[in-house]
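Trainee: Here it is, the structure in full.
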Amino acid sequence: MPLLTATTIAVLYPFLIELAKKGAEKIVDTSSEKLTEGSIKWLKSLFFKNDEPKNALKELINEPDNKEKQNAIKAIIENSIEDNPEFENNLTEILEKLPKVENTITNSKNVITGNVNTGGGNFINGDSNQIS
């Protein structure tokens, strides 16, 4: 089984967080393409107990950019697939049916693609020319 790539995991994290916030039934209803019940049951079995997110998912929700939390989720998924290779089909289906979000910026300058925290200082994006 190939290891999960960073891109695969990056696509899956928002889905898991959304799953925890909305619940499996709502996420299936609102997904652009219907996911099979088997795929959702598999994910729920990994990250939910009594319809509540397990600790690993709660921790990811609280700290989505934390590499250790991401690696914990990755390990859970990889271990599940290692124990039962058929689950790889569920993961593949989920990844294929999740909406693909791509940002493409062309012929533009002064583009900010992330958060800007100046710590209270001034922030100028763009040319330094002053308009008089």
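Letters A, B, ... go to the chains of the structure tokens in the order shown; residues in each chain start at 1; ligands are counted from 1 in the same order.
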May I have the residues within 9 Å of Tyr13 (chain A) as number ranges by chain, using only C-alpha atoms and disregarding those fewer than 5 positions away in the same chain?
Mentor: A: 8, 18, 60, 64, 70, 73
Trainee: Mind dumping the selected residues with N, CA, C and O atoms as a short mmCIF file (atom, residue, chain, number, x, y, z; two decimals), in the first residue's frame?
Mentor:
data_model
loop_
_atom_site.label_atom_id
_atom_site.label_comp_id
_atom_site.auth_asym_id
_atom_site.auth_seq_id
_atom_site.Cartn_x
_atom_site.Cartn_y
_atom_site.Cartn_z
N THR A 8 -2.87 14.19 -0.53
CA THR A 8 -4.03 13.39 -0.18
C THR A 8 -4.55 13.79 1.19
O THR A 8 -5.75 13.99 1.38
N GLU A 18 -15.11 18.99 8.65
CA GLU A 18 -16.50 19.25 8.28
C GLU A 18 -17.39 18.10 8.75
O GLU A 18 -18.50 18.33 9.24
N LEU A 60 -7.34 17.54 16.10
CA LEU A 60 -7.11 18.12 14.78
C LEU A 60 -8.00 19.34 14.56
O LEU A 60 -7.57 20.34 14.01
N PRO A 64 -5.70 22.52 13.53
CA PRO A 64 -5.63 21.92 12.19
C PRO A 64 -4.27 22.03 11.51
O PRO A 64 -3.97 21.23 10.63
N GLN A 70 -1.92 16.08 12.54
CA GLN A 70 -2.13 15.58 11.19
C GLN A 70 -1.53 14.19 11.02
O GLN A 70 -2.16 13.31 10.41
N ILE A 73 -3.77 11.49 12.52
CA ILE A 73 -4.88 11.13 11.63
C ILE A 73 -4.37 10.26 10.49
O ILE A 73 -4.98 9.25 10.14
#
Trainee: Can you pull out every residue within 12 Å of Ile81 (chain A), counting only C-alpha atoms, but drop anything in the same chain fewer than 2 positions away, and send it as JSON, numbers by chain?
Mentor: {"A": [1, 2, 3, 4, 42, 43, 46, 74, 75, 76, 77, 78, 79, 83, 84, 85, 86, 87, 88, 89, 90, 91, 92]}
Trainee: May I ask which of the residues A:Asn115, A:Phe123, A:Lys21, A:Ala72 is the closest one to Glu52 (chain A), counting only C-alpha atoms?
Mentor: A:Lys21
Trainee: For Leu57 (chain A), which of A:Ile94, A:Ile112, A:Ala20, A:Ile124 is the closest residue, counting only C-alpha atoms?
Mentor: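 Of A:Ile94, A:Ile112, A:Ala20, A:Ile124, the one nearest Leu57 (chain A) is A:Ala20, counting only C-alpha atoms.
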Trainee: CA of Asn117 (chain A) and CA of Val11 (chain A), how far apart in Å?
Mentor: 25.2 Å
Trainee: Give the answer as one residue: which of A:Glu96, A:Glu68, A:Asp51, A:Glu82 has the shortest atom-to-atom distance to Ser39 (chain A), using only C-alpha atoms?
Mentor: A:Glu96
Trainee: Considering only C-alpha atoms, can you say which of A:Leu19, A:Leu98, A:Asn62, A:Gly120 comes closest to Phe48 (chain A)?
Mentor: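 Residue with the minimum atom-to-atom distance to Phe48 (chain A): A:Leu19.
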